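Data block for upload.cif (mmCIF, C-alpha atoms):
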data_work
#
loop_
_atom_site.label_atom_id
_atom_site.label_comp_id
_atom_site.auth_asym_id
_atom_site.auth_seq_id
_atom_site.Cartn_x
_atom_site.Cartn_y
_atom_site.Cartn_z
CA MET G 391 146.01 -29.56 110.75
CA ASN G 392 148.35 -27.33 112.68
CA ALA G 393 147.67 -29.27 115.90
CA HIS G 394 150.91 -27.91 117.31
CA LYS G 395 149.56 -24.36 117.17
CA SER G 396 146.20 -24.98 118.79
CA ASP G 397 143.97 -27.75 120.00
CA VAL G 398 141.13 -26.26 117.95
CA ILE G 399 140.78 -26.47 114.17
CA HIS G 400 139.36 -23.28 112.66
CA ILE G 401 136.89 -24.15 109.92
CA GLY G 402 135.13 -22.27 107.16
CA MET G 403 132.07 -23.56 105.37
CA VAL G 404 130.74 -22.66 101.95
CA GLY G 405 127.22 -23.59 100.83
CA LEU G 406 124.52 -22.78 103.36
CA GLY G 407 121.66 -24.89 102.12
CA PRO G 408 120.01 -27.51 104.35
CA ARG G 409 123.06 -29.80 104.55
CA GLY G 410 125.28 -26.98 105.68
CA VAL G 411 122.94 -25.31 108.15
CA GLN G 412 120.91 -28.26 109.42
CA SER G 413 123.59 -30.94 109.35
CA TRP G 414 127.17 -29.65 109.37
CA LEU G 415 126.89 -26.69 111.74
CA PRO G 416 125.08 -28.65 114.50
CA LEU G 417 127.37 -31.64 113.98
CA LEU G 418 130.55 -29.58 114.28
CA GLU G 419 129.21 -28.00 117.48
CA THR G 420 129.49 -31.42 119.14
CA PHE G 421 133.27 -31.52 118.66
CA PRO G 422 135.26 -29.29 121.02
CA GLU G 423 138.27 -29.60 118.66
CA CYS G 424 136.35 -27.88 115.85
CA ARG G 425 135.28 -24.27 115.63
CA VAL G 426 133.45 -22.80 112.65
CA VAL G 427 134.82 -19.28 112.32
CA ALA G 428 133.59 -18.37 108.83
CA ILE G 429 130.64 -19.22 106.60
CA CYS G 430 130.04 -18.29 102.98
CA ASP G 431 127.26 -18.32 100.44
CA ARG G 432 126.84 -16.12 97.39
CA ARG G 433 123.12 -15.92 98.19
CA ALA G 434 122.72 -13.16 100.79
CA PRO G 435 119.38 -14.45 102.22
CA LEU G 436 120.95 -17.85 103.03
CA LEU G 437 123.99 -16.22 104.60
CA GLU G 438 121.87 -13.88 106.71
CA ALA G 439 119.61 -16.75 107.84
CA ALA G 440 122.58 -18.89 108.85
CA LEU G 441 124.13 -16.06 110.84
CA ALA G 442 120.78 -15.31 112.52
CA ALA G 443 120.37 -18.98 113.45
CA ASN G 444 123.74 -18.92 115.24
CA PRO G 445 123.66 -15.67 117.24
CA ASN G 446 125.80 -16.95 120.11
CA ARG G 447 128.68 -18.05 117.90
CA ASP G 448 131.51 -15.84 116.76
CA ILE G 449 131.14 -16.57 113.04
CA LYS G 450 132.06 -14.17 110.25
CA GLY G 451 129.84 -14.27 107.17
CA TYR G 452 131.11 -13.87 103.62
CA LEU G 453 129.40 -13.49 100.25
CA ASP G 454 132.78 -13.91 98.53
CA TYR G 455 134.56 -17.28 98.73
CA GLU G 456 138.05 -15.88 98.16
CA ALA G 457 137.52 -13.41 101.00
CA MET G 458 136.50 -16.28 103.29
CA LEU G 459 139.66 -18.20 102.35
CA ASN G 460 141.64 -15.20 103.59
CA HIS G 461 139.90 -15.26 107.00
CA PRO G 462 142.61 -15.01 109.70
CA GLY G 463 143.56 -18.41 111.13
CA LEU G 464 141.31 -20.44 108.81
CA GLU G 465 142.77 -23.95 108.48
CA ALA G 466 140.10 -26.08 106.81
CA VAL G 467 137.05 -25.68 104.59
CA ILE G 468 133.88 -27.73 104.27
CA ILE G 469 132.27 -27.38 100.86
CA ASN G 470 128.52 -28.03 100.55
CA THR G 471 127.86 -27.00 96.98
CA ASP G 472 126.72 -29.01 94.00
CA ALA G 473 129.07 -31.38 92.18
CA THR G 474 129.51 -29.01 89.24
CA THR G 475 131.25 -26.39 91.39
CA GLN G 476 133.06 -28.37 94.09
CA ALA G 477 136.25 -29.26 92.22
CA ASP G 478 137.19 -25.66 91.46
CA LEU G 479 136.37 -24.59 95.02
CA VAL G 480 138.48 -27.44 96.43
CA VAL G 481 141.45 -26.52 94.25
CA GLN G 482 141.16 -22.85 95.21
CA ALA G 483 141.05 -23.74 98.92
CA MET G 484 144.01 -26.11 98.72
CA GLU G 485 146.05 -23.55 96.81
CA ALA G 486 145.24 -21.13 99.65
CA GLY G 487 146.73 -23.67 102.08
CA LYS G 488 143.48 -25.09 103.47
CA HIS G 489 142.48 -28.70 104.07
CA VAL G 490 139.12 -29.58 102.51
CA THR G 491 136.09 -31.79 103.08
CA THR G 492 133.23 -32.17 100.61
CA GLU G 493 130.20 -34.39 100.52
CA VAL G 494 129.25 -36.82 97.79
CA PRO G 495 129.31 -36.51 94.92
CA ALA G 496 132.63 -34.72 94.91
CA CYS G 497 132.61 -34.10 91.18
CA GLY G 498 130.43 -34.27 88.13
CA THR G 499 133.17 -35.40 85.73
CA LEU G 500 136.27 -37.54 85.69
CA GLU G 501 138.26 -34.43 84.72
CA ASP G 502 137.10 -32.73 87.92
CA CYS G 503 138.14 -35.79 89.95
CA TRP G 504 141.64 -35.45 88.57
CA LYS G 505 141.67 -31.76 89.52
CA LEU G 506 141.13 -32.83 93.14
CA VAL G 507 143.82 -35.51 93.07
CA LEU G 508 146.39 -33.28 91.43
CA ALA G 509 145.65 -30.36 93.76
CA ALA G 510 146.10 -32.57 96.82
CA GLU G 511 149.39 -33.92 95.48
CA ARG G 512 150.66 -30.48 94.44
CA THR G 513 149.72 -28.64 97.65
CA GLY G 514 150.17 -31.36 100.26
CA ARG G 515 146.76 -30.47 101.72
CA ILE G 516 144.34 -33.12 102.95
CA TYR G 517 141.16 -33.79 100.97
CA GLN G 518 138.35 -35.77 102.59
CA LEU G 519 135.15 -37.00 100.96
CA ALA G 520 132.33 -37.26 103.49
CA GLU G 521 129.33 -39.51 103.02
CA GLN G 522 126.13 -38.07 104.45
CA ALA G 523 127.70 -36.21 107.36
CA ARG G 524 124.56 -35.97 109.45
CA TYR G 525 123.95 -36.70 113.07
#
What is this file in structure tokens?
Amino acid sequence: MNAHKSDVIHIGMVGLGPRGVQSWLPLLETFPECRVVAICDRRAPLLEAALAANPNRDIKGYLDYEAMLNHPGLEAVIINTDATTQADLVVQAMEAGKHVTTEVPACGTLEDCWKLVLAAERTGRIYQLAEQARY
């Protein structure tokens, strides 16, 4: 993940429900090699609450996913949305040159699973499926 450029991976996260805010953000804080630089949710109250809960961190908030994918230096994305939306978000991120992690279930259909596989093969980006990433 561009380790030659920096020792820190710049991460964006979409989906700011309990898993994102109560699990992923605190977990990533424990790794000095990871820095969340952007967060995104289409629901403004969740975005505002997540930013308010992390006042000491230099995190940019986005209501628009595509805008977050264009965040300067963003290398990887963690997607915490429901299974019906994850496949399209993964493909969009990979096509924007980002590596991606999602939680289970990754997809709601077999067709969506193939979207992930084909996007990873086509783009050369890494896709990771996390299982209950909680500390």
Given the file shown, determine the residues that the PyMOL selection byres ((chain G and resi 473) around 9) selects; report them as a PyMOL selection string. chain G and resi 471-472+474-477+493-499
Can those selected residues be exported to a file as a CSV table (one decimal), in the frame of the given file so that it contains C-alpha atoms?
chain,number,residue,atom,x,y,z
G,471,THR,CA,127.9,-27.0,97.0
G,472,ASP,CA,126.7,-29.0,94.0
G,474,THR,CA,129.5,-29.0,89.2
G,475,THR,CA,131.2,-26.4,91.4
G,476,GLN,CA,133.1,-28.4,94.1
G,477,ALA,CA,136.2,-29.3,92.2
G,493,GLU,CA,130.2,-34.4,100.5
G,494,VAL,CA,129.2,-36.8,97.8
G,495,PRO,CA,129.3,-36.5,94.9
G,496,ALA,CA,132.6,-34.7,94.9
G,497,CYS,CA,132.6,-34.1,91.2
G,498,GLY,CA,130.4,-34.3,88.1
G,499,THR,CA,133.2,-35.4,85.7
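Atom CA of Leu506 of chain G lies 21.3 Å from atom CA of Ala457 of chain G.
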Please identify all polymer residues within 8 Å of Ile469 of chain G, counting all atoms listed in the file, omitting same-chain residues fewer than 5 positions from it, and present them as an mmCIF file with C-alpha atoms, in the coordinates of the input.
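Printed below is around13.cif as written:
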data_model
loop_
_atom_site.group_PDB
_atom_site.id
_atom_site.type_symbol
_atom_site.label_atom_id
_atom_site.label_comp_id
_atom_site.auth_asym_id
_atom_site.auth_seq_id
_atom_site.Cartn_x
_atom_site.Cartn_y
_atom_site.Cartn_z
ATOM 1 C CA MET G 403 132.070 -23.560 105.370
ATOM 2 C CA VAL G 404 130.740 -22.660 101.950
ATOM 3 C CA GLY G 405 127.220 -23.590 100.830
ATOM 4 C CA GLN G 476 133.060 -28.370 94.090
ATOM 5 C CA LEU G 479 136.370 -24.590 95.020
ATOM 6 C CA VAL G 480 138.480 -27.440 96.430
ATOM 7 C CA VAL G 490 139.120 -29.580 102.510
ATOM 8 C CA THR G 491 136.090 -31.790 103.080
ATOM 9 C CA THR G 492 133.230 -32.170 100.610
ATOM 10 C CA GLU G 493 130.200 -34.390 100.520
#
Nearest residue to Asp397 of chain G from the set G:Arg515, G:Arg425, G:Lys505, G:Arg447 (distances using all atoms listed in the file): G:Arg425
Go through the shown structure with the PyMOL selection byres ((chain G and resi 456) around 12) and write out the matching residues as a ChimeraX atom specification. /G:402,404,428-432,452-455,457-461,467,478-486,488
Residues within 12 Å of Ala443 of chain G, only C-alpha atoms, excluding chain neighbours under 2 positions, as a PyMOL selection string: chain G and resi 406+411-412+415-416+436-441+445-447+449
Can you work out which one of G:Glu521, G:Asp502, G:His400, G:Leu464 has the shortest atom-to-atom distance to Val426 of chain G, counting only C-alpha atoms? G:His400
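Proximity to Phe421 of chain G was assessed for G:Gln518, G:Ala442, G:Gly463, G:Ile399 counting only C-alpha atoms; the smallest distance is recorded for G:Ile399.
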Work out where the centre of an axis-aligned box around every listed atom of segment 402-414 of chain G lies and how long its edges are once 6 Å is added on each side; give both in Å to one decimal as lines of an AutoDock Vina configuration file.
center_x = 127.6
center_y = -26.6
center_z = 105.1
size_x = 27.1
size_y = 20.7
size_z = 20.6
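Using all atoms listed in the file, the smallest distance between any of G:Ala520, G:Ala509, G:Leu500, G:Ile468 and Gly410 of chain G comes from G:Ile468.
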Between atom CA of Val427 of chain G and atom CA of Gly451 of chain G - distance in Å to one decimal: 8.7 Å
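Computed from the coordinates, the atom CA of Leu417 of chain G to atom CA of Pro435 of chain G distance equals 22.3 Å.
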Missing atoms of segment 423-457 of chain G rebuilt to N, CA and C atoms, written as a compact mmCIF listing (two decimals), in the frame of the given file:
# COMPACT_ATOMS: atom_id res chain seq x y z
N GLU G 423 137.05 -29.87 119.43
CA GLU G 423 138.27 -29.60 118.66
C GLU G 423 138.00 -28.79 117.40
N CYS G 424 136.72 -28.58 117.07
CA CYS G 424 136.35 -27.88 115.85
C CYS G 424 135.62 -26.58 116.18
N ARG G 425 135.98 -25.54 115.45
CA ARG G 425 135.28 -24.27 115.63
C ARG G 425 135.05 -23.64 114.26
N VAL G 426 133.79 -23.48 113.90
CA VAL G 426 133.45 -22.80 112.65
C VAL G 426 133.62 -21.31 112.90
N VAL G 427 134.53 -20.70 112.14
CA VAL G 427 134.82 -19.28 112.32
C VAL G 427 134.34 -18.43 111.15
N ALA G 428 134.01 -19.11 110.02
CA ALA G 428 133.59 -18.37 108.83
C ALA G 428 132.61 -19.22 108.03
N ILE G 429 131.58 -18.56 107.49
CA ILE G 429 130.64 -19.22 106.60
C ILE G 429 130.46 -18.36 105.36
N CYS G 430 130.11 -19.01 104.25
CA CYS G 430 130.04 -18.29 102.98
C CYS G 430 128.92 -18.85 102.11
N ASP G 431 128.21 -17.96 101.50
CA ASP G 431 127.26 -18.32 100.44
C ASP G 431 127.08 -17.09 99.58
N ARG G 432 127.00 -17.28 98.29
CA ARG G 432 126.84 -16.12 97.39
C ARG G 432 125.41 -15.59 97.43
N ARG G 433 124.51 -16.35 98.06
CA ARG G 433 123.12 -15.92 98.19
C ARG G 433 122.94 -15.26 99.57
N ALA G 434 122.80 -13.94 99.55
CA ALA G 434 122.72 -13.16 100.79
C ALA G 434 121.63 -13.64 101.74
N PRO G 435 120.41 -13.99 101.27
CA PRO G 435 119.38 -14.45 102.22
C PRO G 435 119.79 -15.72 102.98
N LEU G 436 120.50 -16.64 102.33
CA LEU G 436 120.95 -17.85 103.03
C LEU G 436 122.04 -17.52 104.04
N LEU G 437 122.93 -16.63 103.67
CA LEU G 437 123.99 -16.22 104.60
C LEU G 437 123.40 -15.53 105.83
N GLU G 438 122.50 -14.61 105.60
CA GLU G 438 121.87 -13.88 106.71
C GLU G 438 121.08 -14.83 107.62
N ALA G 439 120.37 -15.79 107.03
CA ALA G 439 119.61 -16.75 107.84
C ALA G 439 120.53 -17.63 108.68
N ALA G 440 121.64 -18.05 108.10
CA ALA G 440 122.58 -18.89 108.85
C ALA G 440 123.21 -18.12 110.00
N LEU G 441 123.56 -16.87 109.77
CA LEU G 441 124.13 -16.06 110.84
C LEU G 441 123.09 -15.81 111.94
N ALA G 442 121.85 -15.55 111.55
CA ALA G 442 120.78 -15.31 112.52
C ALA G 442 120.48 -16.56 113.34
N ALA G 443 120.64 -17.72 112.75
CA ALA G 443 120.37 -18.98 113.45
C ALA G 443 121.47 -19.34 114.44
N ASN G 444 122.60 -18.65 114.36
CA ASN G 444 123.74 -18.92 115.24
C ASN G 444 124.21 -17.65 115.94
N PRO G 445 123.30 -16.98 116.67
CA PRO G 445 123.66 -15.67 117.24
C PRO G 445 124.70 -15.73 118.34
N ASN G 446 124.86 -16.85 118.99
CA ASN G 446 125.80 -16.95 120.11
C ASN G 446 127.19 -17.37 119.67
N ARG G 447 127.38 -17.60 118.40
CA ARG G 447 128.68 -18.05 117.90
C ARG G 447 129.40 -16.90 117.22
N ASP G 448 130.68 -16.88 117.37
CA ASP G 448 131.51 -15.84 116.76
C ASP G 448 131.89 -16.30 115.35
N ILE G 449 130.95 -16.14 114.42
CA ILE G 449 131.14 -16.57 113.04
C ILE G 449 131.07 -15.35 112.13
N LYS G 450 132.04 -15.24 111.24
CA LYS G 450 132.06 -14.17 110.25
C LYS G 450 131.41 -14.68 108.97
N GLY G 451 130.51 -13.90 108.40
CA GLY G 451 129.84 -14.27 107.17
C GLY G 451 130.47 -13.62 105.95
N TYR G 452 130.52 -14.37 104.87
CA TYR G 452 131.11 -13.87 103.62
C TYR G 452 130.19 -14.19 102.44
N LEU G 453 130.06 -13.26 101.54
CA LEU G 453 129.40 -13.49 100.25
C LEU G 453 130.42 -13.90 99.20
N ASP G 454 131.69 -13.64 99.47
CA ASP G 454 132.78 -13.91 98.53
C ASP G 454 133.67 -15.04 99.07
N TYR G 455 133.80 -16.11 98.30
CA TYR G 455 134.56 -17.28 98.73
C TYR G 455 136.04 -16.95 98.94
N GLU G 456 136.65 -16.22 98.03
CA GLU G 456 138.05 -15.88 98.16
C GLU G 456 138.30 -15.08 99.44
N ALA G 457 137.39 -14.18 99.76
CA ALA G 457 137.52 -13.41 101.00
C ALA G 457 137.47 -14.33 102.21
